[in-house]
file entry33.pdb (PDB, C-alpha atoms)
MODEL        1
ATOM      1  CA  MET A   1       0.000   0.000   0.000  1.00  0.00           C
ATOM      2  CA  GLU A   2       1.179   3.363  -1.069  1.00  0.00           C
ATOM      3  CA  LEU A   3       1.960   5.560   1.866  1.00  0.00           C
ATOM      4  CA  SER A   4       4.120   8.430   0.736  1.00  0.00           C
ATOM      5  CA  ALA A   5       3.825  12.097   1.611  1.00  0.00           C
ATOM      6  CA  GLU A   6       3.149  12.853  -2.036  1.00  0.00           C
ATOM      7  CA  TYR A   7       0.320  10.349  -2.214  1.00  0.00           C
ATOM      8  CA  LEU A   8      -1.316  11.785   0.898  1.00  0.00           C
ATOM      9  CA  ARG A   9      -0.871  15.305  -0.378  1.00  0.00           C
ATOM     10  CA  GLU A  10      -2.593  14.554  -3.661  1.00  0.00           C
ATOM     11  CA  LYS A  11      -5.454  12.714  -2.000  1.00  0.00           C
ATOM     12  CA  LEU A  12      -6.109  15.499   0.483  1.00  0.00           C
ATOM     13  CA  GLN A  13      -5.927  18.127  -2.218  1.00  0.00           C
ATOM     14  CA  ARG A  14      -8.361  16.253  -4.393  1.00  0.00           C
ATOM     15  CA  ASP A  15     -10.904  15.124  -1.828  1.00  0.00           C
ATOM     16  CA  LEU A  16     -10.991  18.321   0.176  1.00  0.00           C
ATOM     17  CA  GLU A  17     -10.647  20.632  -2.813  1.00  0.00           C
ATOM     18  CA  ALA A  18      -7.795  22.170  -0.921  1.00  0.00           C
ATOM     19  CA  GLU A  19      -6.191  25.433  -1.829  1.00  0.00           C
ATOM     20  CA  HIS A  20      -2.971  24.358  -0.180  1.00  0.00           C
ATOM     21  CA  VAL A  21      -1.685  21.127   1.333  1.00  0.00           C
ATOM     22  CA  GLU A  22       1.572  20.316   3.046  1.00  0.00           C
ATOM     23  CA  VAL A  23       2.468  16.834   4.136  1.00  0.00           C
ATOM     24  CA  GLU A  24       5.548  16.146   6.160  1.00  0.00           C
ATOM     25  CA  ASP A  25       6.756  12.648   6.785  1.00  0.00           C
ATOM     26  CA  THR A  26       7.785  12.818  10.423  1.00  0.00           C
ATOM     27  CA  THR A  27       8.657   9.143  10.666  1.00  0.00           C
ATOM     28  CA  PRO A  28      12.380   9.747  11.268  1.00  0.00           C
ATOM     29  CA  ASN A  29      11.470  11.604  14.485  1.00  0.00           C
ATOM     30  CA  ARG A  30       9.165   8.935  15.814  1.00  0.00           C
ATOM     31  CA  CYS A  31       9.000   5.225  16.285  1.00  0.00           C
ATOM     32  CA  SER A  32       7.119   4.423  13.105  1.00  0.00           C
ATOM     33  CA  SER A  33       5.026   5.719  10.229  1.00  0.00           C
ATOM     34  CA  SER A  34       4.056   9.299  11.118  1.00  0.00           C
ATOM     35  CA  PHE A  35       2.863  12.309   9.226  1.00  0.00           C
ATOM     36  CA  ARG A  36       2.097  15.935   9.891  1.00  0.00           C
ATOM     37  CA  VAL A  37      -0.304  17.672   7.516  1.00  0.00           C
ATOM     38  CA  LEU A  38      -1.506  21.170   6.881  1.00  0.00           C
ATOM     39  CA  VAL A  39      -4.682  21.545   4.837  1.00  0.00           C
ATOM     40  CA  VAL A  40      -6.148  24.827   3.667  1.00  0.00           C
ATOM     41  CA  SER A  41      -9.638  24.483   2.280  1.00  0.00           C
ATOM     42  CA  ALA A  42     -12.813  26.484   1.935  1.00  0.00           C
ATOM     43  CA  LYS A  43     -14.636  23.330   3.031  1.00  0.00           C
ATOM     44  CA  PHE A  44     -13.512  24.117   6.576  1.00  0.00           C
ATOM     45  CA  GLU A  45     -15.381  27.370   6.707  1.00  0.00           C
ATOM     46  CA  GLY A  46     -17.956  27.568   9.453  1.00  0.00           C
ATOM     47  CA  LYS A  47     -16.851  24.235  10.876  1.00  0.00           C
ATOM     48  CA  PRO A  48     -15.433  23.764  14.366  1.00  0.00           C
ATOM     49  CA  LEU A  49     -12.036  22.126  14.719  1.00  0.00           C
ATOM     50  CA  LEU A  50     -13.364  18.680  15.479  1.00  0.00           C
ATOM     51  CA  GLN A  51     -15.484  18.619  12.345  1.00  0.00           C
ATOM     52  CA  ARG A  52     -12.565  19.792  10.235  1.00  0.00           C
ATOM     53  CA  HIS A  53     -10.314  17.105  11.604  1.00  0.00           C
ATOM     54  CA  ARG A  54     -12.980  14.494  11.004  1.00  0.00           C
ATOM     55  CA  LEU A  55     -13.140  15.548   7.348  1.00  0.00           C
ATOM     56  CA  VAL A  56      -9.442  14.920   7.051  1.00  0.00           C
ATOM     57  CA  ASN A  57      -9.716  11.642   8.961  1.00  0.00           C
ATOM     58  CA  THR A  58     -12.478  10.468   6.641  1.00  0.00           C
ATOM     59  CA  CYS A  59     -10.460  11.393   3.575  1.00  0.00           C
ATOM     60  CA  LEU A  60      -7.519   9.342   4.847  1.00  0.00           C
ATOM     61  CA  ALA A  61      -9.512   6.631   6.618  1.00  0.00           C
ATOM     62  CA  GLU A  62      -7.803   3.784   4.791  1.00  0.00           C
ATOM     63  CA  GLU A  63      -4.312   5.241   5.140  1.00  0.00           C
ATOM     64  CA  LEU A  64      -4.727   6.051   8.833  1.00  0.00           C
ATOM     65  CA  LEU A  65      -5.102   2.348   9.543  1.00  0.00           C
ATOM     66  CA  HIS A  66      -1.430   2.044   8.694  1.00  0.00           C
ATOM     67  CA  ILE A  67      -0.148   5.296  10.087  1.00  0.00           C
ATOM     68  CA  HIS A  68       1.054   5.228  13.651  1.00  0.00           C
ATOM     69  CA  ALA A  69       1.090   8.946  14.455  1.00  0.00           C
ATOM     70  CA  PHE A  70      -0.734  11.786  12.775  1.00  0.00           C
ATOM     71  CA  GLU A  71      -0.773  15.522  13.356  1.00  0.00           C
ATOM     72  CA  GLN A  72      -2.993  17.901  11.471  1.00  0.00           C
ATOM     73  CA  LYS A  73      -3.616  21.587  11.112  1.00  0.00           C
ATOM     74  CA  THR A  74      -6.745  22.722   9.287  1.00  0.00           C
ATOM     75  CA  LEU A  75      -7.238  26.279   8.120  1.00  0.00           C
ATOM     76  CA  THR A  76      -9.684  28.168   5.971  1.00  0.00           C
ATOM     77  CA  PRO A  77      -8.172  30.190   3.114  1.00  0.00           C
ATOM     78  CA  GLU A  78      -8.719  33.325   5.173  1.00  0.00           C
ATOM     79  CA  GLN A  79      -6.936  31.920   8.201  1.00  0.00           C
ATOM     80  CA  TRP A  80      -4.082  30.794   5.992  1.00  0.00           C
ATOM     81  CA  ALA A  81      -3.738  34.238   4.430  1.00  0.00           C
ATOM     82  CA  ARG A  82      -3.606  35.784   7.900  1.00  0.00           C
ATOM     83  CA  GLU A  83      -1.047  33.283   9.072  1.00  0.00           C
ATOM     84  CA  GLN A  84       1.219  34.032   6.154  1.00  0.00           C
ATOM     85  CA  GLN A  85       1.151  37.695   6.955  1.00  0.00           C
ATOM     86  CA  LYS A  86       2.627  37.182  10.385  1.00  0.00           C
TER
ATOM     87  CA  MET B   1       9.955   6.658  -1.616  1.00  0.00           C
ATOM     88  CA  SER B   2      12.406   3.998  -0.548  1.00  0.00           C
ATOM     89  CA  GLY B   3      11.609   2.488   2.791  1.00  0.00           C
ATOM     90  CA  THR B   4       7.906   3.308   2.574  1.00  0.00           C
ATOM     91  CA  LEU B   5       6.881  -0.317   2.518  1.00  0.00           C
ATOM     92  CA  GLY B   6       9.284  -0.974   5.335  1.00  0.00           C
ATOM     93  CA  ARG B   7       7.678   1.665   7.502  1.00  0.00           C
ATOM     94  CA  ALA B   8       4.148   0.466   6.868  1.00  0.00           C
ATOM     95  CA  ALA B   9       5.222  -3.051   7.690  1.00  0.00           C
ATOM     96  CA  ALA B  10       6.952  -1.846  10.818  1.00  0.00           C
ATOM     97  CA  ALA B  11       3.741  -0.113  11.881  1.00  0.00           C
ATOM     98  CA  LEU B  12       1.765  -3.314  11.370  1.00  0.00           C
ATOM     99  CA  LEU B  13       4.282  -5.357  13.310  1.00  0.00           C
ATOM    100  CA  ARG B  14       4.258  -2.841  16.095  1.00  0.00           C
ATOM    101  CA  TRP B  15       0.481  -2.896  16.361  1.00  0.00           C
ATOM    102  CA  GLY B  16       0.513  -6.667  16.304  1.00  0.00           C
ATOM    103  CA  ARG B  17       2.974  -6.780  19.193  1.00  0.00           C
ATOM    104  CA  GLY B  18       1.100  -4.253  21.255  1.00  0.00           C
ATOM    105  CA  ALA B  19      -2.207  -6.036  20.787  1.00  0.00           C
ATOM    106  CA  GLY B  20      -0.942  -9.452  21.878  1.00  0.00           C
ATOM    107  CA  GLY B  21       0.567 -10.468  18.568  1.00  0.00           C
ATOM    108  CA  GLY B  22      -2.723 -11.824  17.288  1.00  0.00           C
ATOM    109  CA  GLY B  23      -2.688  -9.780  14.089  1.00  0.00           C
ATOM    110  CA  LEU B  24      -3.362  -6.210  13.199  1.00  0.00           C
ATOM    111  CA  ARG B  25      -5.884  -5.641  15.966  1.00  0.00           C
ATOM    112  CA  GLY B  26      -5.771  -7.785  19.097  1.00  0.00           C
ATOM    113  CA  PRO B  27      -8.112 -10.609  20.092  1.00  0.00           C
ATOM    114  CA  GLY B  28     -11.695  -9.766  21.020  1.00  0.00           C
ATOM    115  CA  VAL B  29     -11.214  -6.198  19.971  1.00  0.00           C
ATOM    116  CA  ARG B  30     -14.612  -5.708  18.431  1.00  0.00           C
ATOM    117  CA  ALA B  31     -16.545  -7.196  21.337  1.00  0.00           C
ATOM    118  CA  ALA B  32     -18.903  -4.278  21.149  1.00  0.00           C
ATOM    119  CA  SER B  33     -21.815  -5.578  23.163  1.00  0.00           C
ATOM    120  CA  SER B  34     -20.290  -8.056  25.563  1.00  0.00           C
ATOM    121  CA  GLY B  35     -19.566  -5.406  28.178  1.00  0.00           C
ATOM    122  CA  GLY B  36     -15.805  -5.782  27.881  1.00  0.00           C
ATOM    123  CA  SER B  37     -13.453  -2.906  28.494  1.00  0.00           C
ATOM    124  CA  GLY B  38     -13.680  -1.894  24.854  1.00  0.00           C
ATOM    125  CA  SER B  39     -17.455  -1.974  24.598  1.00  0.00           C
ATOM    126  CA  ALA B  40     -19.519   1.078  23.803  1.00  0.00           C
ATOM    127  CA  GLU B  41     -21.528   0.706  27.002  1.00  0.00           C
ATOM    128  CA  HIS B  42     -18.434   0.582  29.146  1.00  0.00           C
ATOM    129  CA  LEU B  43     -16.812   3.551  27.414  1.00  0.00           C
ATOM    130  CA  ASP B  44     -19.988   5.549  27.496  1.00  0.00           C
ATOM    131  CA  ALA B  45     -19.989   5.173  31.273  1.00  0.00           C
ATOM    132  CA  LEU B  46     -16.280   6.029  31.526  1.00  0.00           C
ATOM    133  CA  VAL B  47     -16.466   9.264  29.588  1.00  0.00           C
ATOM    134  CA  LYS B  48     -19.470  10.425  31.596  1.00  0.00           C
ATOM    135  CA  LYS B  49     -18.130   9.484  35.009  1.00  0.00           C
ATOM    136  CA  ASP B  50     -15.792  12.461  35.245  1.00  0.00           C
ATOM    137  CA  LYS B  51     -15.822  15.971  33.849  1.00  0.00           C
ATOM    138  CA  VAL B  52     -12.413  15.625  32.257  1.00  0.00           C
ATOM    139  CA  VAL B  53     -11.494  12.240  30.807  1.00  0.00           C
ATOM    140  CA  VAL B  54      -8.413  11.469  28.754  1.00  0.00           C
ATOM    141  CA  PHE B  55      -7.207   8.329  27.046  1.00  0.00           C
ATOM    142  CA  LEU B  56      -3.443   8.239  26.939  1.00  0.00           C
ATOM    143  CA  LYS B  57      -0.502   6.133  26.033  1.00  0.00           C
ATOM    144  CA  GLY B  58       0.999   5.826  29.448  1.00  0.00           C
ATOM    145  CA  THR B  59      -0.027   7.698  32.588  1.00  0.00           C
ATOM    146  CA  PRO B  60       0.008  11.365  33.606  1.00  0.00           C
ATOM    147  CA  GLU B  61       3.071  10.578  35.719  1.00  0.00           C
ATOM    148  CA  GLN B  62       4.750   8.656  32.916  1.00  0.00           C
ATOM    149  CA  PRO B  63       3.415   9.420  29.453  1.00  0.00           C
ATOM    150  CA  GLN B  64       4.735   7.008  26.851  1.00  0.00           C
ATOM    151  CA  CYS B  65       4.209   9.237  23.865  1.00  0.00           C
ATOM    152  CA  GLY B  66       4.905  12.851  22.962  1.00  0.00           C
ATOM    153  CA  PHE B  67       1.316  13.617  22.040  1.00  0.00           C
ATOM    154  CA  SER B  68      -0.082  12.083  25.215  1.00  0.00           C
ATOM    155  CA  ASN B  69       2.494  14.029  27.159  1.00  0.00           C
ATOM    156  CA  ALA B  70       1.355  17.238  25.482  1.00  0.00           C
ATOM    157  CA  VAL B  71      -2.193  16.640  26.718  1.00  0.00           C
ATOM    158  CA  VAL B  72      -0.945  16.019  30.248  1.00  0.00           C
ATOM    159  CA  GLN B  73       1.159  19.176  30.198  1.00  0.00           C
ATOM    160  CA  ILE B  74      -1.652  21.347  28.899  1.00  0.00           C
ATOM    161  CA  LEU B  75      -3.976  20.137  31.635  1.00  0.00           C
ATOM    162  CA  ARG B  76      -1.230  20.782  34.155  1.00  0.00           C
ATOM    163  CA  LEU B  77      -0.777  24.347  32.897  1.00  0.00           C
ATOM    164  CA  HIS B  78      -4.445  25.019  33.458  1.00  0.00           C
ATOM    165  CA  GLY B  79      -4.241  23.567  36.928  1.00  0.00           C
ATOM    166  CA  VAL B  80      -6.641  20.721  36.129  1.00  0.00           C
ATOM    167  CA  ARG B  81      -5.695  18.109  38.669  1.00  0.00           C
ATOM    168  CA  ASP B  82      -8.888  16.146  38.993  1.00  0.00           C
ATOM    169  CA  TYR B  83      -9.242  14.162  35.837  1.00  0.00           C
ATOM    170  CA  ALA B  84      -9.611  10.549  34.812  1.00  0.00           C
ATOM    171  CA  ALA B  85      -6.780   9.170  32.727  1.00  0.00           C
ATOM    172  CA  TYR B  86      -6.947   5.754  31.100  1.00  0.00           C
ATOM    173  CA  ASN B  87      -3.829   4.081  29.806  1.00  0.00           C
ATOM    174  CA  VAL B  88      -4.603   2.340  26.526  1.00  0.00           C
ATOM    175  CA  LEU B  89      -1.259   0.579  26.571  1.00  0.00           C
ATOM    176  CA  ASP B  90      -2.532  -1.511  29.469  1.00  0.00           C
ATOM    177  CA  ASP B  91      -5.506  -2.800  27.556  1.00  0.00           C
ATOM    178  CA  PRO B  92      -5.713  -3.588  23.833  1.00  0.00           C
ATOM    179  CA  GLN B  93      -9.512  -3.822  24.013  1.00  0.00           C
ATOM    180  CA  LEU B  94      -9.681  -0.329  25.435  1.00  0.00           C
ATOM    181  CA  ARG B  95      -7.197   0.926  22.891  1.00  0.00           C
ATOM    182  CA  GLN B  96      -9.247  -0.222  19.930  1.00  0.00           C
ATOM    183  CA  GLY B  97     -12.595   0.274  21.632  1.00  0.00           C
ATOM    184  CA  ILE B  98     -12.096   3.966  22.275  1.00  0.00           C
ATOM    185  CA  LYS B  99     -11.060   4.524  18.662  1.00  0.00           C
ATOM    186  CA  ASP B 100     -14.283   2.870  17.505  1.00  0.00           C
ATOM    187  CA  TYR B 101     -16.380   4.658  20.098  1.00  0.00           C
ATOM    188  CA  SER B 102     -15.021   8.106  19.266  1.00  0.00           C
ATOM    189  CA  ASN B 103     -14.641   7.318  15.589  1.00  0.00           C
ATOM    190  CA  TRP B 104     -11.167   8.766  15.929  1.00  0.00           C
ATOM    191  CA  PRO B 105      -8.058   6.973  14.768  1.00  0.00           C
ATOM    192  CA  THR B 106      -5.451   8.032  17.276  1.00  0.00           C
ATOM    193  CA  ILE B 107      -4.551   8.357  20.943  1.00  0.00           C
ATOM    194  CA  PRO B 108      -4.590  10.631  22.971  1.00  0.00           C
ATOM    195  CA  GLN B 109      -8.290  11.448  23.139  1.00  0.00           C
ATOM    196  CA  VAL B 110      -9.885  14.101  25.289  1.00  0.00           C
ATOM    197  CA  TYR B 111     -13.454  14.159  26.598  1.00  0.00           C
ATOM    198  CA  LEU B 112     -14.989  17.138  28.368  1.00  0.00           C
ATOM    199  CA  ASN B 113     -18.335  16.639  30.048  1.00  0.00           C
ATOM    200  CA  GLY B 114     -18.887  13.374  28.239  1.00  0.00           C
ATOM    201  CA  GLU B 115     -18.275  14.954  24.860  1.00  0.00           C
ATOM    202  CA  PHE B 116     -15.402  14.113  22.572  1.00  0.00           C
ATOM    203  CA  VAL B 117     -13.214  17.173  22.070  1.00  0.00           C
ATOM    204  CA  GLY B 118     -10.417  15.799  19.941  1.00  0.00           C
ATOM    205  CA  GLY B 119      -6.804  14.825  20.158  1.00  0.00           C
ATOM    206  CA  CYS B 120      -3.639  16.633  21.067  1.00  0.00           C
ATOM    207  CA  ASP B 121      -3.730  19.002  18.062  1.00  0.00           C
ATOM    208  CA  ILE B 122      -7.179  20.263  18.929  1.00  0.00           C
ATOM    209  CA  LEU B 123      -6.468  20.593  22.636  1.00  0.00           C
ATOM    210  CA  LEU B 124      -3.335  22.552  21.834  1.00  0.00           C
ATOM    211  CA  GLN B 125      -5.204  24.942  19.553  1.00  0.00           C
ATOM    212  CA  MET B 126      -7.930  25.374  22.144  1.00  0.00           C
ATOM    213  CA  HIS B 127      -5.242  26.147  24.692  1.00  0.00           C
ATOM    214  CA  GLN B 128      -3.608  28.704  22.403  1.00  0.00           C
ATOM    215  CA  ASN B 129      -6.786  30.499  21.375  1.00  0.00           C
ATOM    216  CA  GLY B 130      -8.388  30.669  24.812  1.00  0.00           C
ATOM    217  CA  ASP B 131     -11.182  28.206  24.088  1.00  0.00           C
ATOM    218  CA  LEU B 132      -9.930  25.733  26.662  1.00  0.00           C
ATOM    219  CA  VAL B 133     -10.240  28.266  29.468  1.00  0.00           C
ATOM    220  CA  GLU B 134     -13.849  28.833  28.383  1.00  0.00           C
ATOM    221  CA  GLU B 135     -14.698  25.157  28.133  1.00  0.00           C
ATOM    222  CA  LEU B 136     -13.241  24.493  31.563  1.00  0.00           C
ATOM    223  CA  LYS B 137     -15.222  27.394  32.969  1.00  0.00           C
ATOM    224  CA  LYS B 138     -18.416  25.807  31.638  1.00  0.00           C
ATOM    225  CA  LEU B 139     -17.528  22.744  33.674  1.00  0.00           C
ATOM    226  CA  GLY B 140     -17.030  24.799  36.787  1.00  0.00           C
ATOM    227  CA  ILE B 141     -13.258  24.474  36.571  1.00  0.00           C
ATOM    228  CA  ARG B 142     -11.293  27.656  36.922  1.00  0.00           C
ATOM    229  CA  SER B 143      -8.177  27.578  34.822  1.00  0.00           C
ATOM    230  CA  ALA B 144      -4.973  28.367  36.695  1.00  0.00           C
ATOM    231  CA  LEU B 145      -3.997  30.573  33.787  1.00  0.00           C
ATOM    232  CA  LEU B 146      -6.725  33.022  34.703  1.00  0.00           C
ATOM    233  CA  ASP B 147      -5.109  33.569  38.063  1.00  0.00           C
ATOM    234  CA  GLU B 148      -1.706  33.948  36.471  1.00  0.00           C
ATOM    235  CA  LYS B 149      -3.044  36.618  34.206  1.00  0.00           C
ATOM    236  CA  LYS B 150      -4.617  38.469  37.126  1.00  0.00           C
ATOM    237  CA  ASP B 151      -1.290  38.528  38.887  1.00  0.00           C
ATOM    238  CA  GLN B 152       0.396  39.888  35.822  1.00  0.00           C
ATOM    239  CA  ASP B 153      -2.207  42.583  35.311  1.00  0.00           C
ATOM    240  CA  SER B 154      -1.879  43.876  38.823  1.00  0.00           C
ATOM    241  CA  LYS B 155       1.920  44.146  38.830  1.00  0.00           C
TER
ENDMDL
END
call {"tool": "encode", "arguments": {"input": "entry33.pdb", "output": "structure tokens"}}
result
Amino acid sequence: MELSAEYLREKLQRDLEAEHVEVEDTTPNRCSSSFRVLVVSAKFEGKPLLQRHRLVNTCLAEELLHIHAFEQKTLTPEQWAREQQK
Amino acid sequence: MSGTLGRAAAALLRWGRGAGGGGLRGPGVRAASSGGSGSAEHLDALVKKDKVVVFLKGTPEQPQCGFSNAVVQILRLHGVRDYAAYNVLDDPQLRQGIKDYSNWPTIPQVYLNGEFVGGCDILLQMHQNGDLVEELKKLGIRSALLDEKKDQDSK
């Protein structure tokens, strides 16, 4: 099963119609397969954090069965724009 | 790309070991209605028994994972001392059961007032944006950070 950062990035981008996605393979820092993702999508607008994270979890449901550790940050395009200005 | 298969395999092996070596998910893991430690009924009672309930890898005194440790430290910062912590490493049924119950793939998991809040990422963001102080207040728990701030304001 394909489990590369690139694969995850493309899937997230596609399924969540994301404006911006970053996927970092953090496995070297941890004991086994780990990823940190940042997803920027208009689909997150008006949704509380938990709902946003569940969208991501659903998108990667199959992959998460084989990932040991997973960190995620979910932003709306507006939040992302603000963050970049800092 | 090299080593990807190796890592996935390592993850599977690791899970197998942790869950008693009986395969990807340990024996009896989906015993949903038999009242075992991983059953929905049991977990429902657990998360409602206390105002603040966390499922960790390890214990508050000895977290076994960076993310679980983060949850412990955040609660400590807010002065939350009275909370229920369940160590999923002690119990493979609990470990899988809580993931099914919450429909959430990872540990740690945080429940406030019987409601699933999220994992470490969410708790951290709530801590940073002030939401955690508010949620604790709703539970009748006064965050220690409020007192810190008062001290600072009056200096």
call {"tool": "resolve_selection", "arguments": {"input": "entry33.pdb", "expression": "the PyMOL selection byres ((chain A) within 9 of (chain B))", "output": "VMD selection string"}}
result
chain A and resid 1 to 5 27 31 to 33 49 to 50 53 to 54 57 61 64 to 73
call {"tool": "residues_around", "arguments": {"input": "entry33.pdb", "residues": "Phe35 of chain A", "least_positions_apart": "2", "cutoff": "6 Å", "atoms": "all atoms listed in the file", "output": "ChimeraX atom specification"}}
result
/A:24-26,70
call {"tool": "axis_aligned_box", "arguments": {"input": "entry33.pdb", "around": "segment 99-103 of chain B", "padding_each_side": "8 Å", "output": "lines of an AutoDock Vina configuration file"}}
result
center_x = -13.7
center_y = 5.5
center_z = 17.8
size_x = 21.3
size_y = 21.2
size_z = 20.5
call {"tool": "resolve_selection", "arguments": {"input": "entry33.pdb", "expression": "the PyMOL selection byres ((chain A and resi 18-21) around 12)", "output": "ChimeraX atom specification"}}
result
/A:5-17,22-24,36-45,55-56,59,72-81
call {"tool": "resolve_selection", "arguments": {"input": "entry33.pdb", "expression": "the PyMOL selection byres ((chain B and resi 115) around 12)", "output": "PDB file with C-alpha atoms, keeping the file's coordinate frame"}}
result
ATOM      1  CA  LEU A  50     -13.364  18.680  15.479  1.00  0.00           C
TER       2      LEU A  50
ATOM      3  CA  LEU B  43     -16.812   3.551  27.414  1.00  0.00           C
ATOM      4  CA  ASP B  44     -19.988   5.549  27.496  1.00  0.00           C
ATOM      5  CA  ALA B  45     -19.989   5.173  31.273  1.00  0.00           C
ATOM      6  CA  LEU B  46     -16.280   6.029  31.526  1.00  0.00           C
ATOM      7  CA  VAL B  47     -16.466   9.264  29.588  1.00  0.00           C
ATOM      8  CA  LYS B  48     -19.470  10.425  31.596  1.00  0.00           C
ATOM      9  CA  LYS B  49     -18.130   9.484  35.009  1.00  0.00           C
ATOM     10  CA  ASP B  50     -15.792  12.461  35.245  1.00  0.00           C
ATOM     11  CA  LYS B  51     -15.822  15.971  33.849  1.00  0.00           C
ATOM     12  CA  VAL B  52     -12.413  15.625  32.257  1.00  0.00           C
ATOM     13  CA  VAL B  53     -11.494  12.240  30.807  1.00  0.00           C
ATOM     14  CA  VAL B  54      -8.413  11.469  28.754  1.00  0.00           C
ATOM     15  CA  TYR B 101     -16.380   4.658  20.098  1.00  0.00           C
ATOM     16  CA  SER B 102     -15.021   8.106  19.266  1.00  0.00           C
ATOM     17  CA  GLN B 109      -8.290  11.448  23.139  1.00  0.00           C
ATOM     18  CA  VAL B 110      -9.885  14.101  25.289  1.00  0.00           C
ATOM     19  CA  TYR B 111     -13.454  14.159  26.598  1.00  0.00           C
ATOM     20  CA  LEU B 112     -14.989  17.138  28.368  1.00  0.00           C
ATOM     21  CA  ASN B 113     -18.335  16.639  30.048  1.00  0.00           C
ATOM     22  CA  GLY B 114     -18.887  13.374  28.239  1.00  0.00           C
ATOM     23  CA  PHE B 116     -15.402  14.113  22.572  1.00  0.00           C
ATOM     24  CA  VAL B 117     -13.214  17.173  22.070  1.00  0.00           C
ATOM     25  CA  GLY B 118     -10.417  15.799  19.941  1.00  0.00           C
ATOM     26  CA  GLU B 135     -14.698  25.157  28.133  1.00  0.00           C
ATOM     27  CA  LEU B 139     -17.528  22.744  33.674  1.00  0.00           C
TER      28      LEU B 139
END
call {"tool": "atom_distance", "arguments": {"input": "entry33.pdb", "atom1": "atom CA of Pro108 of chain B", "atom2": "atom CA of Asn29 of chain A"}}
result
18.2 Å
call {"tool": "atom_distance", "arguments": {"input": "entry33.pdb", "atom1": "atom CA of Tyr86 of chain B", "atom2": "atom CA of Thr59 of chain B"}}
result
7.3 Å
call {"tool": "atom_distance", "arguments": {"input": "entry33.pdb", "atom1": "atom CA of Leu77 of chain B", "atom2": "atom CA of Arg142 of chain B"}}
result
11.7 Å
call {"tool": "build_atoms", "arguments": {"input": "entry33.pdb", "residues": "segment 76-80 of chain A", "atoms": "all heavy atoms", "output": "CSV table (one decimal), in the coordinates of the input"}}
result
chain,number,residue,atom,x,y,z
A,76,THR,N,-8.9,27.7,7.1
A,76,THR,CA,-9.7,28.2,6.0
A,76,THR,C,-8.7,29.1,5.2
A,76,THR,O,-7.7,29.5,5.7
A,76,THR,CB,-10.9,29.0,6.4
A,76,THR,OG1,-10.4,30.2,7.2
A,76,THR,CG2,-11.8,28.2,7.3
A,77,PRO,N,-9.0,29.3,3.9
A,77,PRO,CA,-8.2,30.2,3.1
A,77,PRO,C,-7.9,31.5,3.8
A,77,PRO,O,-6.8,32.1,3.7
A,77,PRO,CB,-9.0,30.4,1.8
A,77,PRO,CG,-9.8,29.1,1.7
A,77,PRO,CD,-10.1,28.8,3.1
A,78,GLU,N,-8.9,32.0,4.5
A,78,GLU,CA,-8.7,33.3,5.2
A,78,GLU,C,-7.7,33.2,6.3
A,78,GLU,O,-6.8,34.1,6.5
A,78,GLU,CB,-10.1,33.8,5.7
A,78,GLU,CG,-10.1,35.3,6.2
A,78,GLU,CD,-11.3,35.6,7.0
A,78,GLU,OE1,-12.3,34.9,6.8
A,78,GLU,OE2,-11.2,36.4,7.9
A,79,GLN,N,-7.9,32.1,7.1
A,79,GLN,CA,-6.9,31.9,8.2
A,79,GLN,C,-5.5,31.7,7.7
A,79,GLN,O,-4.5,32.2,8.3
A,79,GLN,CB,-7.3,30.7,9.0
A,79,GLN,CG,-8.6,30.9,9.9
A,79,GLN,CD,-9.0,29.6,10.5
A,79,GLN,OE1,-9.0,28.6,9.9
A,79,GLN,NE2,-9.5,29.7,11.7
A,80,TRP,N,-5.4,31.0,6.6
A,80,TRP,CA,-4.1,30.8,6.0
A,80,TRP,C,-3.4,32.1,5.5
A,80,TRP,O,-2.3,32.4,5.8
A,80,TRP,CB,-4.2,29.8,4.8
A,80,TRP,CG,-3.0,29.5,4.0
A,80,TRP,CD1,-2.9,29.6,2.7
A,80,TRP,CD2,-1.8,29.0,4.5
A,80,TRP,NE1,-1.6,29.2,2.3
A,80,TRP,CE2,-0.9,28.8,3.4
A,80,TRP,CE3,-1.3,28.6,5.8
A,80,TRP,CZ2,0.4,28.3,3.5
A,80,TRP,CZ3,0.0,28.1,5.9
A,80,TRP,CH2,0.8,28.0,4.7
